[in-house]
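Enquirer: File follows, model.cif with mmCIF, C-alpha atoms:
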```
data_protein
#
loop_
_atom_site.label_atom_id
_atom_site.label_comp_id
_atom_site.auth_asym_id
_atom_site.auth_seq_id
_atom_site.Cartn_x
_atom_site.Cartn_y
_atom_site.Cartn_z
CA MET A 21 -74.99 104.92 67.06
CA ASN A 22 -73.64 103.02 64.11
CA SER A 23 -69.94 102.35 64.55
CA TYR A 24 -70.15 98.97 66.26
CA PRO A 25 -66.71 97.59 67.09
CA SER A 26 -67.77 94.11 65.95
CA ARG A 27 -70.15 92.65 63.41
CA LEU A 28 -71.27 89.98 65.91
CA LEU A 29 -72.14 92.68 68.41
CA GLU A 30 -74.11 94.60 65.83
CA GLU A 31 -76.02 91.50 64.75
CA ALA A 32 -76.98 90.65 68.32
CA VAL A 33 -78.09 94.25 68.94
CA THR A 34 -80.16 94.17 65.76
CA GLU A 35 -81.89 90.96 66.85
CA PHE A 36 -82.71 92.33 70.30
CA SER A 37 -83.95 95.63 68.91
CA ARG A 38 -86.54 93.74 66.83
CA LEU A 39 -88.33 92.82 70.08
CA PRO A 40 -91.33 94.99 70.98
CA GLY A 41 -90.52 97.97 73.18
CA ILE A 42 -86.74 97.52 72.88
CA GLY A 43 -84.75 100.19 71.07
CA ARG A 44 -81.12 99.99 69.98
CA LYS A 45 -79.76 101.57 73.18
CA THR A 46 -81.60 99.11 75.40
CA ALA A 47 -80.63 96.28 73.05
CA LEU A 48 -76.97 97.25 73.36
CA ARG A 49 -77.26 97.32 77.15
CA LEU A 50 -78.78 93.81 77.17
CA VAL A 51 -76.19 92.46 74.73
CA LEU A 52 -73.28 93.89 76.74
CA TYR A 53 -74.80 92.28 79.83
CA LEU A 54 -74.88 88.91 78.06
CA LEU A 55 -71.27 89.45 76.96
CA ARG A 56 -70.20 89.77 80.58
CA GLN A 57 -71.83 86.44 81.51
CA PRO A 58 -70.02 83.09 81.35
CA VAL A 59 -70.07 81.37 77.94
CA GLU A 60 -72.43 78.66 79.27
CA ASP A 61 -75.02 81.24 80.33
CA ALA A 62 -75.04 82.99 76.97
CA GLU A 63 -75.23 79.61 75.24
CA ARG A 64 -78.14 78.52 77.44
CA PHE A 65 -79.93 81.75 76.57
CA GLY A 66 -79.41 81.22 72.83
CA ASN A 67 -80.45 77.58 73.01
CA ALA A 68 -83.57 78.39 75.03
CA VAL A 69 -84.75 80.72 72.27
CA THR A 70 -84.03 78.26 69.47
CA ALA A 71 -85.58 75.31 71.36
CA LEU A 72 -88.62 77.42 72.21
CA ARG A 73 -89.56 78.21 68.66
CA LYS A 74 -88.77 74.73 67.33
CA GLY A 75 -90.28 72.73 70.20
CA ILE A 76 -93.51 74.58 70.89
CA ASN A 77 -96.67 73.78 68.97
CA TYR A 78 -100.16 75.11 69.20
CA CYS A 79 -102.87 72.82 70.57
CA LYS A 80 -104.94 71.37 67.71
CA ALA A 81 -108.11 71.87 69.76
CA CYS A 82 -107.76 75.23 71.48
CA ASN A 83 -104.65 76.96 70.01
CA ASN A 84 -102.98 77.12 73.45
CA ILE A 85 -99.22 76.52 73.63
CA CYS A 86 -98.15 72.88 73.97
CA GLU A 87 -95.26 70.57 73.24
CA GLY A 88 -97.28 67.75 71.66
CA GLU A 89 -100.54 67.66 69.69
CA ARG A 90 -102.88 68.88 72.40
CA CYS A 91 -102.24 71.11 75.41
CA ASN A 92 -102.23 69.99 79.04
CA ILE A 93 -105.60 71.57 79.69
CA CYS A 94 -107.40 69.91 76.77
CA ASN A 95 -105.77 66.59 77.71
CA ASP A 96 -106.83 66.83 81.36
CA PRO A 97 -109.81 64.45 81.88
CA ARG A 98 -110.92 66.47 84.92
CA ARG A 99 -111.55 69.59 82.82
CA ASP A 100 -115.14 70.24 81.73
CA GLN A 101 -115.09 70.06 77.91
CA SER A 102 -118.61 71.50 77.68
CA GLN A 103 -117.45 74.93 78.83
CA ILE A 104 -115.16 76.99 76.56
CA CYS A 105 -113.54 80.24 77.67
CA ILE A 106 -112.51 82.48 74.75
CA VAL A 107 -109.35 84.54 75.38
CA GLU A 108 -107.06 86.74 73.31
CA ASP A 109 -103.74 85.05 74.05
CA ILE A 110 -101.80 82.63 76.20
CA ARG A 111 -101.13 85.18 78.92
CA ASP A 112 -104.88 85.32 79.55
CA VAL A 113 -105.01 81.52 79.90
CA MET A 114 -102.20 81.74 82.44
CA ALA A 115 -103.90 84.57 84.34
CA ILE A 116 -107.22 82.70 84.54
CA GLU A 117 -105.49 79.42 85.47
CA ASN A 118 -103.78 81.23 88.33
CA THR A 119 -107.16 82.18 89.82
CA GLY A 120 -107.94 78.46 90.28
CA GLN A 121 -111.63 79.33 89.65
CA TYR A 122 -112.16 77.81 86.22
CA ARG A 123 -112.46 74.10 85.39
CA GLY A 124 -113.55 74.29 81.75
CA VAL A 125 -111.34 74.50 78.65
CA TYR A 126 -110.14 77.43 76.52
CA HIS A 127 -110.08 78.75 73.02
CA VAL A 128 -107.15 81.05 72.26
CA LEU A 129 -107.87 83.54 69.47
CA GLY A 130 -104.27 84.68 69.02
CA GLY A 131 -105.42 88.29 68.75
CA ILE A 132 -108.52 90.50 68.71
CA ILE A 133 -110.18 92.35 65.87
CA SER A 134 -108.35 95.64 65.47
CA PRO A 135 -108.77 97.49 62.17
CA MET A 136 -106.12 100.01 63.31
CA ASP A 137 -103.52 97.22 63.41
CA GLY A 138 -104.88 95.55 60.29
CA ILE A 139 -106.25 92.55 62.23
CA GLY A 140 -109.60 91.36 60.90
CA PRO A 141 -111.73 88.32 61.82
CA ASN A 142 -109.78 86.17 59.34
CA GLN A 143 -106.57 86.60 61.32
CA LEU A 144 -108.17 85.04 64.40
CA LYS A 145 -108.16 81.30 65.05
CA LEU A 146 -111.90 80.88 64.77
CA GLU A 147 -112.64 78.48 61.93
CA GLN A 148 -112.69 75.31 64.12
CA LEU A 149 -114.71 76.86 66.95
CA PRO A 150 -118.25 76.08 65.67
CA ASP A 151 -117.21 72.48 64.85
CA ARG A 152 -115.68 72.07 68.28
CA ILE A 153 -118.83 73.37 69.97
CA GLU A 154 -121.03 70.89 68.09
CA LYS A 155 -118.75 67.87 68.47
CA ASN A 156 -118.23 68.29 72.21
CA ALA A 157 -121.82 69.34 72.94
CA VAL A 158 -120.52 72.56 74.46
CA LYS A 159 -123.14 74.23 76.69
CA GLU A 160 -121.47 77.56 77.43
CA VAL A 161 -119.00 79.89 75.72
CA ILE A 162 -117.49 82.44 78.12
CA MET A 163 -116.07 85.58 76.52
CA ALA A 164 -113.04 86.70 78.54
CA LEU A 165 -111.70 89.53 76.36
CA SER A 166 -110.49 92.99 77.31
CA THR A 167 -113.20 95.63 77.78
CA THR A 168 -111.82 97.79 74.97
CA MET A 169 -113.43 98.74 71.71
CA GLU A 170 -111.43 95.96 70.02
CA GLY A 171 -112.48 93.42 72.65
CA ASP A 172 -116.15 94.42 72.41
CA THR A 173 -116.03 94.25 68.61
CA THR A 174 -114.54 90.76 68.78
CA VAL A 175 -117.17 89.58 71.29
CA PHE A 176 -119.89 90.96 69.00
CA TYR A 177 -118.43 89.25 65.93
CA ILE A 178 -118.04 85.86 67.64
CA SER A 179 -121.48 85.99 69.24
CA ARG A 180 -123.01 86.63 65.79
CA LYS A 181 -121.05 83.71 64.35
CA LEU A 182 -122.22 81.36 67.12
CA ARG A 183 -125.87 82.47 67.07
CA PRO A 184 -127.05 79.50 64.91
CA LEU A 185 -125.65 77.08 67.52
CA ASP A 186 -127.50 76.01 70.62
CA VAL A 187 -124.97 77.41 73.10
CA LEU A 188 -125.17 79.91 75.96
CA ILE A 189 -122.83 82.88 75.45
CA THR A 190 -121.70 84.72 78.58
CA THR A 191 -119.08 87.39 79.31
CA ILE A 192 -116.95 87.64 82.42
CA ALA A 193 -118.43 90.10 84.92
CA ARG A 194 -117.63 93.77 84.36
CA GLY A 195 -117.59 95.70 87.59
CA ILE A 196 -115.56 97.32 90.32
CA ALA A 197 -112.28 95.54 91.04
CA ILE A 198 -111.99 93.85 94.43
CA GLY A 199 -110.26 96.35 96.69
CA GLY A 200 -111.16 99.17 94.30
CA GLU A 201 -112.34 102.53 95.61
CA LEU A 202 -115.86 103.30 94.42
CA GLU A 203 -115.25 107.03 93.96
CA TYR A 204 -112.41 106.42 91.51
CA ALA A 205 -114.36 104.03 89.28
CA ASP A 206 -115.38 105.40 85.91
CA GLU A 207 -119.08 106.12 85.35
CA ILE A 208 -119.61 103.44 82.71
CA THR A 209 -118.14 100.67 84.85
CA LEU A 210 -120.03 101.85 87.92
CA GLY A 211 -123.27 102.11 85.97
CA ARG A 212 -122.78 98.62 84.54
CA SER A 213 -122.00 97.21 87.98
CA ILE A 214 -125.31 98.58 89.33
CA ILE A 215 -127.32 97.14 86.44
CA ASN A 216 -125.58 93.77 86.73
CA ARG A 217 -125.71 93.58 90.50
CA THR A 218 -125.55 90.07 91.95
CA PRO A 219 -127.36 88.52 94.93
CA TYR A 220 -125.27 89.01 98.07
CA GLU A 221 -125.05 85.27 98.67
CA HIS A 222 -123.27 84.79 95.32
CA THR A 223 -120.40 87.04 96.29
CA LEU A 224 -119.84 84.97 99.45
CA ALA A 225 -119.74 81.59 97.69
CA LYS A 226 -116.16 80.68 96.83
CA MET B 23 -97.67 83.68 87.40
CA ASN B 24 -96.33 80.18 87.64
CA SER B 25 -98.53 77.81 85.65
CA TYR B 26 -96.65 77.91 82.35
CA PRO B 27 -98.29 75.73 79.71
CA SER B 28 -94.89 74.47 78.54
CA ARG B 29 -91.48 73.83 80.07
CA LEU B 30 -89.75 75.32 77.01
CA LEU B 31 -91.76 78.50 77.44
CA GLU B 32 -90.89 78.71 81.10
CA GLU B 33 -87.18 78.20 80.38
CA ALA B 34 -87.12 80.94 77.76
CA VAL B 35 -88.97 83.31 80.12
CA THR B 36 -86.47 82.51 82.87
CA GLU B 37 -83.54 83.30 80.57
CA PHE B 38 -85.02 86.62 79.44
CA SER B 39 -85.92 87.63 82.99
CA ARG B 40 -82.24 87.32 83.98
CA LEU B 41 -81.48 90.35 81.79
CA PRO B 42 -81.20 93.67 83.61
CA GLY B 43 -84.48 95.60 83.86
CA ILE B 44 -86.61 92.74 82.53
CA GLY B 45 -89.11 91.12 84.87
CA ARG B 46 -91.07 87.93 84.28
CA LYS B 47 -94.09 89.72 82.76
CA THR B 48 -91.96 91.58 80.22
CA ALA B 49 -89.96 88.40 79.56
CA LEU B 50 -93.18 86.53 78.80
CA ARG B 51 -94.27 89.28 76.41
CA LEU B 52 -90.92 89.11 74.55
CA VAL B 53 -90.97 85.31 74.41
CA LEU B 54 -94.52 85.23 73.06
CA TYR B 55 -93.45 87.73 70.42
CA LEU B 56 -90.56 85.47 69.37
CA LEU B 57 -92.98 82.53 69.26
CA ARG B 58 -95.10 84.35 66.70
CA GLN B 59 -92.10 84.91 64.41
CA PRO B 60 -91.01 82.45 61.68
CA VAL B 61 -88.71 79.64 62.83
CA GLU B 62 -85.76 81.15 60.92
CA ASP B 63 -86.12 84.46 62.78
CA ALA B 64 -86.15 82.83 66.21
CA GLU B 65 -83.20 80.67 65.19
CA ARG B 66 -81.26 83.69 63.95
CA PHE B 67 -81.93 85.38 67.29
CA GLY B 68 -80.68 82.36 69.26
CA ASN B 69 -77.63 81.95 67.05
CA ALA B 70 -76.75 85.64 67.27
CA VAL B 71 -76.58 85.38 71.07
CA THR B 72 -74.49 82.20 71.05
CA ALA B 73 -72.13 83.48 68.33
CA LEU B 74 -71.77 86.78 70.16
CA ARG B 75 -70.46 85.31 73.37
CA LYS B 76 -68.25 82.74 71.66
CA GLY B 77 -66.88 84.95 68.90
CA ILE B 78 -66.14 88.20 70.70
CA ASN B 79 -62.80 88.76 72.40
CA TYR B 80 -61.35 91.71 74.21
CA CYS B 81 -58.52 93.63 72.59
CA LYS B 82 -55.17 92.68 74.13
CA ALA B 83 -54.08 96.30 74.05
CA CYS B 84 -57.12 98.35 75.08
CA ASN B 85 -59.81 95.87 76.28
CA ASN B 86 -62.25 97.06 73.61
CA ILE B 87 -64.48 94.45 71.94
CA CYS B 88 -62.95 92.73 68.93
CA GLU B 89 -63.11 89.52 66.96
CA GLY B 90 -59.37 88.88 66.71
CA GLU B 91 -56.43 89.74 68.97
CA ARG B 92 -56.58 93.51 68.70
CA CYS B 93 -59.51 95.82 68.01
CA ASN B 94 -60.10 97.79 64.82
CA ILE B 95 -59.09 101.03 66.49
CA CYS B 96 -55.75 99.77 67.85
CA ASN B 97 -55.02 98.15 64.47
CA ASP B 98 -55.77 101.33 62.52
CA PRO B 99 -52.41 102.90 61.48
CA ARG B 100 -54.09 106.32 61.16
CA ARG B 101 -54.93 106.43 64.86
CA ASP B 102 -52.55 108.32 67.12
CA GLN B 103 -51.09 105.73 69.51
CA SER B 104 -49.56 108.46 71.71
CA GLN B 105 -53.00 109.56 72.92
CA ILE B 106 -55.07 107.24 75.11
CA CYS B 107 -58.66 107.95 76.07
CA ILE B 108 -59.80 106.13 79.21
CA VAL B 109 -63.46 105.10 79.25
CA GLU B 110 -65.70 102.97 81.43
CA ASP B 111 -67.10 100.62 78.81
CA ILE B 112 -67.60 99.87 75.14
CA ARG B 113 -70.69 102.05 74.84
CA ASP B 114 -68.48 105.04 75.66
CA VAL B 115 -66.03 104.08 72.90
CA MET B 116 -68.95 103.92 70.47
CA ALA B 117 -70.33 107.25 71.67
CA ILE B 118 -66.95 109.01 71.27
CA GLU B 119 -66.31 107.36 67.89
CA ASN B 120 -69.66 108.71 66.71
CA THR B 121 -68.55 112.27 67.41
CA GLY B 122 -65.75 111.89 64.84
CA GLN B 123 -63.64 114.24 67.02
CA TYR B 124 -61.06 111.81 68.36
CA ARG B 125 -58.16 110.20 66.46
CA GLY B 126 -56.24 108.62 69.34
CA VAL B 127 -56.76 105.17 70.88
CA TYR B 128 -58.71 103.98 73.92
CA HIS B 129 -58.36 102.11 77.14
CA VAL B 130 -61.57 100.44 78.31
CA LEU B 131 -61.70 99.96 82.10
CA GLY B 132 -64.68 97.60 82.09
CA GLY B 133 -66.19 99.47 85.04
CA ILE B 134 -65.55 102.32 87.45
CA ILE B 135 -64.64 102.28 91.12
CA SER B 136 -67.88 101.90 93.04
CA PRO B 137 -67.64 100.73 96.66
CA MET B 138 -71.47 100.50 96.78
CA ASP B 139 -71.38 97.83 94.06
CA GLY B 140 -68.26 96.20 95.48
CA ILE B 141 -66.09 97.33 92.56
CA GLY B 142 -62.61 98.36 93.65
CA PRO B 143 -59.53 99.36 91.62
CA ASN B 144 -58.55 95.69 91.28
CA GLN B 145 -61.67 94.90 89.26
CA LEU B 146 -60.68 97.44 86.62
CA LYS B 147 -58.47 96.57 83.65
CA LEU B 148 -55.60 98.79 84.68
CA GLU B 149 -52.52 96.63 85.18
CA GLN B 150 -51.21 96.99 81.60
CA LEU B 151 -51.88 100.72 81.34
CA PRO B 152 -48.53 102.03 82.74
CA ASP B 153 -46.61 99.55 80.56
CA ARG B 154 -48.59 100.59 77.51
CA ILE B 155 -47.91 104.27 78.20
CA GLU B 156 -44.16 103.71 78.47
CA LYS B 157 -43.83 101.36 75.48
CA ASN B 158 -45.79 103.57 73.09
CA ALA B 159 -44.32 106.84 74.39
CA VAL B 160 -47.82 108.05 75.15
CA LYS B 161 -47.96 111.81 75.56
CA GLU B 162 -51.50 112.28 76.81
CA VAL B 163 -54.07 110.30 78.77
CA ILE B 164 -57.61 111.68 78.41
CA MET B 165 -60.05 110.77 81.17
CA ALA B 166 -63.51 110.36 79.64
CA LEU B 167 -65.52 109.01 82.55
CA SER B 168 -69.00 109.94 83.74
CA THR B 169 -69.13 113.02 85.97
CA THR B 170 -70.44 111.07 88.94
CA MET B 171 -68.80 110.45 92.29
CA GLU B 172 -67.70 107.04 91.04
CA GLY B 173 -66.25 108.54 87.87
CA ASP B 174 -64.40 111.26 89.78
CA THR B 175 -63.02 108.69 92.24
CA THR B 176 -61.75 106.59 89.37
CA VAL B 177 -60.13 109.59 87.67
CA PHE B 178 -58.42 110.47 90.95
CA TYR B 179 -57.18 106.90 91.46
CA ILE B 180 -55.79 106.56 87.93
CA SER B 181 -54.16 109.98 87.96
CA ARG B 182 -52.33 109.04 91.18
CA LYS B 183 -51.23 105.77 89.62
CA LEU B 184 -49.88 107.51 86.52
CA ARG B 185 -48.17 110.38 88.37
CA PRO B 186 -44.66 108.79 88.22
CA LEU B 187 -44.92 108.65 84.43
CA ASP B 188 -44.08 111.52 82.13
CA VAL B 189 -47.56 111.86 80.66
CA LEU B 190 -50.07 114.69 80.50
CA ILE B 191 -53.38 113.77 82.13
CA THR B 192 -56.46 115.60 80.88
CA THR B 193 -60.16 115.20 81.43
CA ILE B 194 -62.87 115.86 78.87
CA ALA B 195 -64.44 119.27 79.43
CA ARG B 196 -67.23 119.43 81.97
CA GLY B 197 -69.62 120.61 79.32
CA ILE B 198 -71.62 117.58 80.25
CA ALA B 199 -73.95 118.29 83.15
CA ILE B 200 -72.55 117.19 86.52
CA GLY B 201 -74.31 113.98 87.47
CA GLY B 202 -74.91 113.11 83.82
CA GLU B 203 -74.21 109.68 82.36
CA LEU B 204 -71.75 109.75 79.47
CA GLU B 205 -73.65 107.43 77.18
CA TYR B 206 -76.74 109.67 77.11
CA ALA B 207 -74.88 112.85 76.16
CA ASP B 208 -75.63 114.25 72.70
CA GLU B 209 -72.87 113.99 70.10
CA ILE B 210 -72.18 117.72 69.76
CA THR B 211 -71.70 118.26 73.49
CA LEU B 212 -69.60 115.13 73.75
CA GLY B 213 -67.49 116.11 70.73
CA ARG B 214 -66.95 119.63 72.08
CA SER B 215 -65.96 118.26 75.46
CA ILE B 216 -63.18 116.23 73.83
CA ILE B 217 -61.84 119.28 71.98
CA ASN B 218 -61.98 121.43 75.12
CA ARG B 219 -60.36 118.95 77.46
CA THR B 220 -58.53 120.61 80.34
CA PRO B 221 -55.43 119.68 82.37
CA TYR B 222 -56.47 117.58 85.35
CA GLU B 223 -55.21 120.20 87.86
CA HIS B 224 -57.67 122.73 86.44
CA THR B 225 -60.64 120.52 87.26
CA LEU B 226 -59.48 120.26 90.87
CA ALA B 227 -59.57 124.05 91.34
CA LYS B 228 -63.07 124.89 92.49
#
```
Using structure tokens, write down the structure that the file contains.

Expert:
Amino acid sequence: MNSYPSRLLEEAVTEFSRLPGIGRKTALRLVLYLLRQPVEDAERFGNAVTALRKGINYCKACNNICEGERCNICNDPRRDQSQICIVEDIRDVMAIENTGQYRGVYHVLGGIISPMDGIGPNQLKLEQLPDRIEKNAVKEVIMALSTTMEGDTTVFYISRKLRPLDVLITTIARGIAIGGELEYADEITLGRSIINRTPYEHTLAK
Amino acid sequence: MNSYPSRLLEEAVTEFSRLPGIGRKTALRLVLYLLRQPVEDAERFGNAVTALRKGINYCKACNNICEGERCNICNDPRRDQSQICIVEDIRDVMAIENTGQYRGVYHVLGGIISPMDGIGPNQLKLEQLPDRIEKNAVKEVIMALSTTMEGDTTVFYISRKLRPLDVLITTIARGIAIGGELEYADEITLGRSIINRTPYEHTLAK
């Protein structure tokens, strides 16, 4: 498809097709949908994107998204600053926040080490982490990364980097998902969940 | 997911999730991608959407997309104005143009009759068609609609409407699989089906 009836249409399709997972056919479908909407709706869409990129900063402390200098979580006096949960990106912060089970603060890496994608340790937001741990007398660093080779590599790298500091490093529990069928679990997960079994009382405590 | 770290983020996600086939999780993924791009890129994206909706008109003659009063195809003196190809939407115009097999002009309906979706004949851009046929001494009207029940219903409706006029009504050849969507047909099949169009009566004979 190359004979677009309008340059504006082609430009909009090109912009949409830059997004991950969106090809030119899907982009055209989305653009034609926007064309059918009232002018105000299309304008609101365009403005939301522009305002987003201009208005959003990254928290100076934890690299989470925010609109000022520091994010809502770092600014919240009720959050425990001595506990830092390390996550890959903002979606993980949102997912953990939705559990309502965590009252510490975060550190958003903005990626994980992935040689295949050309992402090394230097691309991660890590340089301020040791400083932050010392200044805030952080007691525990919780690794909440994906259980993939990339995630494990990143956990290994960070744990080596933090070894000189007097801080407990933990990882979120690996095991069988709640509601998961035992017989369908993979052997490695099942094996790990037997080794890392927890006292029955702990699973009851909410 | 509801605890967005920023209002701007939430607004952008809401706008993206209005698009067809995009849920809130996908919208968040797209928005976070845009956030990682340079400011200029995000701005160009936003501006492309706004400019699109404001700058694009519909051709006064054929309802195709254009930036002025009439579209490039209607304005092209080399196109045969006595041949009108009726299509559902702009993607179909683009698909047929890409075959390079058609030198007439188009008439874009902006939809097809679909009682399930509440689209009746009055929602289609049809009112000027008989006038246009008479004024331009149109000799042939080619129906290039999807071979679905909705497409067939629309062809039937239009052919009844045009019966009083002295114009040959043809349909593109059913080389395209019955039940197939026009926009996904390959260019060779689609091109062949325009060359091998058949008188409408022939398609009624089973």

Enquirer: Please expand the PyMOL selection byres ((chain B and resi 72) around 10) into the concrete residues it hits in this file, giving the result as a list in words.

Expert: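 For this structure, the PyMOL selection byres ((chain B and resi 72) around 10) resolves to Leu28, Ala32, Leu54, Leu55, Val59, Glu60, Asp61, Ala62, Glu63, Arg64, Phe65, Gly66 and Asn67 of chain A; Arg66, Phe67, Gly68, Asn69, Ala70, Val71, Ala73, Leu74, Arg75, Lys76 and Gly77 of chain B.
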
Enquirer: Would you pick out the contacts of B:Ala166 at 8 Å or less, using only C-alpha atoms, so that residues sharing its chain but fewer than 5 positions from it are not included, and give the list as an MDAnalysis selection string?

Expert: chainID B and resid 107:110 193:194

Enquirer: Is it possible to get the residues within 10 Å of (-83.0, 95.5, 66.5) (coordinates as in the file, counting all atoms listed in the file) written as a list in words?

Expert: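 The requested residues, written out, are Glu30, Glu31, Ala32, Val33, Thr34, Glu35, Phe36, Ser37, Arg38, Leu39, Pro40, Ile42, Gly43, Arg44, Lys45, Thr46, Ala47 and Leu48 of chain A.
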
Enquirer: For atom CA of B:Val163 and atom CA of A:Arg27, quote the distance in Å rounded to one decimal.

Expert: 28.4 Å

Enquirer: May I ask for the distance between atom CA of B:Glu156 and atom CA of B:Asn85, given in Å to one decimal place?

Expert: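 Interatomic distance, atom CA of B:Glu156 to atom CA of B:Asn85: 17.6 Å.
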
Enquirer: Counting only C-alpha atoms, select every polymer residue within 12 Å of (-111.4, 94.7, 75.1) as defined in the file's coordinates, and provide the selection as an mmCIF file with C-alpha atoms, keeping the file's coordinate frame.

Expert:
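Listed below is the output, part06.cif:
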```cif
data_model
loop_
_atom_site.group_PDB
_atom_site.id
_atom_site.type_symbol
_atom_site.label_atom_id
_atom_site.label_comp_id
_atom_site.auth_asym_id
_atom_site.auth_seq_id
_atom_site.Cartn_x
_atom_site.Cartn_y
_atom_site.Cartn_z
ATOM 1 C CA VAL A 107 -109.350 84.540 75.380
ATOM 2 C CA GLU A 108 -107.060 86.740 73.310
ATOM 3 C CA GLY A 131 -105.420 88.290 68.750
ATOM 4 C CA ILE A 132 -108.520 90.500 68.710
ATOM 5 C CA ILE A 133 -110.180 92.350 65.870
ATOM 6 C CA SER A 134 -108.350 95.640 65.470
ATOM 7 C CA MET A 163 -116.070 85.580 76.520
ATOM 8 C CA ALA A 164 -113.040 86.700 78.540
ATOM 9 C CA LEU A 165 -111.700 89.530 76.360
ATOM 10 C CA SER A 166 -110.490 92.990 77.310
ATOM 11 C CA THR A 167 -113.200 95.630 77.780
ATOM 12 C CA THR A 168 -111.820 97.790 74.970
ATOM 13 C CA MET A 169 -113.430 98.740 71.710
ATOM 14 C CA GLU A 170 -111.430 95.960 70.020
ATOM 15 C CA GLY A 171 -112.480 93.420 72.650
ATOM 16 C CA ASP A 172 -116.150 94.420 72.410
ATOM 17 C CA THR A 173 -116.030 94.250 68.610
ATOM 18 C CA THR A 174 -114.540 90.760 68.780
ATOM 19 C CA VAL A 175 -117.170 89.580 71.290
ATOM 20 C CA PHE A 176 -119.890 90.960 69.000
ATOM 21 C CA THR A 191 -119.080 87.390 79.310
ATOM 22 C CA ILE A 192 -116.950 87.640 82.420
ATOM 23 C CA ARG A 194 -117.630 93.770 84.360
#
```

Enquirer: Have a look at B:Arg101, B:Ile191, B:Ala83, B:Asp111 and name the one nearest to chain A; count all atoms listed in the file.

Expert: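 Of all the options, B:Asp111 lies closest to chain A.
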
Enquirer: Selected by the PyMOL selection byres ((chain B and resi 123-130) around 8) in the shown coordinates: which residues, as an MDAnalysis selection string?

Expert: chainID B and resid 83:86 95:96 100:112 115 118:119 121:122 131:132 147 151 213 216:217

Enquirer: Of the residues B:Arg154, B:Gly142, B:Pro60, B:Asn79, which is the one nearest to B:Arg92, using only C-alpha atoms?

Expert: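 Closest to B:Arg92, using only C-alpha atoms: B:Asn79.
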
Enquirer: Rounded to one decimal, what separation in Å do you get between atom CA of B:Ser28 and atom CA of B:Leu52?

Expert: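 Between atom CA of B:Ser28 and atom CA of B:Leu52 the gap works out to 15.7 Å.
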
Enquirer: Edge lengths and centre, in Å to one decimal, as AutoDock Vina command-line options: that's what I need for the box along x, y and z that holds all listed atoms of stretch 63-82 of chain A plus 3 Å on each side.

Expert:
```
--center_x -91.7 --center_y 76.6 --center_z 72.4 --size_x 38.9 --size_y 16.4 --size_z 16.1
```

Enquirer: Within 8 Å of A:Asn92, counting only C-alpha atoms, which residues show up once you throw out same-chain ones fewer than 4 positions away? Write them as a PyMOL selection string, please.

Expert: (chain A and resi 86+96) or (chain B and resi 27)

Enquirer: Would you save the residues from that selection as a PDB file, in the frame of the given file, using C-alpha atoms?

Expert:
```pdb
ATOM      1  CA  CYS A  86     -98.150  72.880  73.970  1.00  0.00           C
ATOM      2  CA  ASP A  96    -106.830  66.830  81.360  1.00  0.00           C
TER       3      ASP A  96
ATOM      4  CA  PRO B  27     -98.290  75.730  79.710  1.00  0.00           C
TER       5      PRO B  27
END
```

Enquirer: So, counting only C-alpha atoms, which residue among B:Cys93, B:Gln145, B:Tyr80, B:Asp188 is closest to chain A?

Expert: B:Cys93

Enquirer: Compare A:Pro150, A:Pro97, A:Pro219, A:Gly88 by their minimum atom-to-atom distance to chain B, counting all atoms listed in the file, and give me the closest one.

Expert: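 Among A:Pro150, A:Pro97, A:Pro219, A:Gly88, it is A:Gly88 that comes nearest to chain B.
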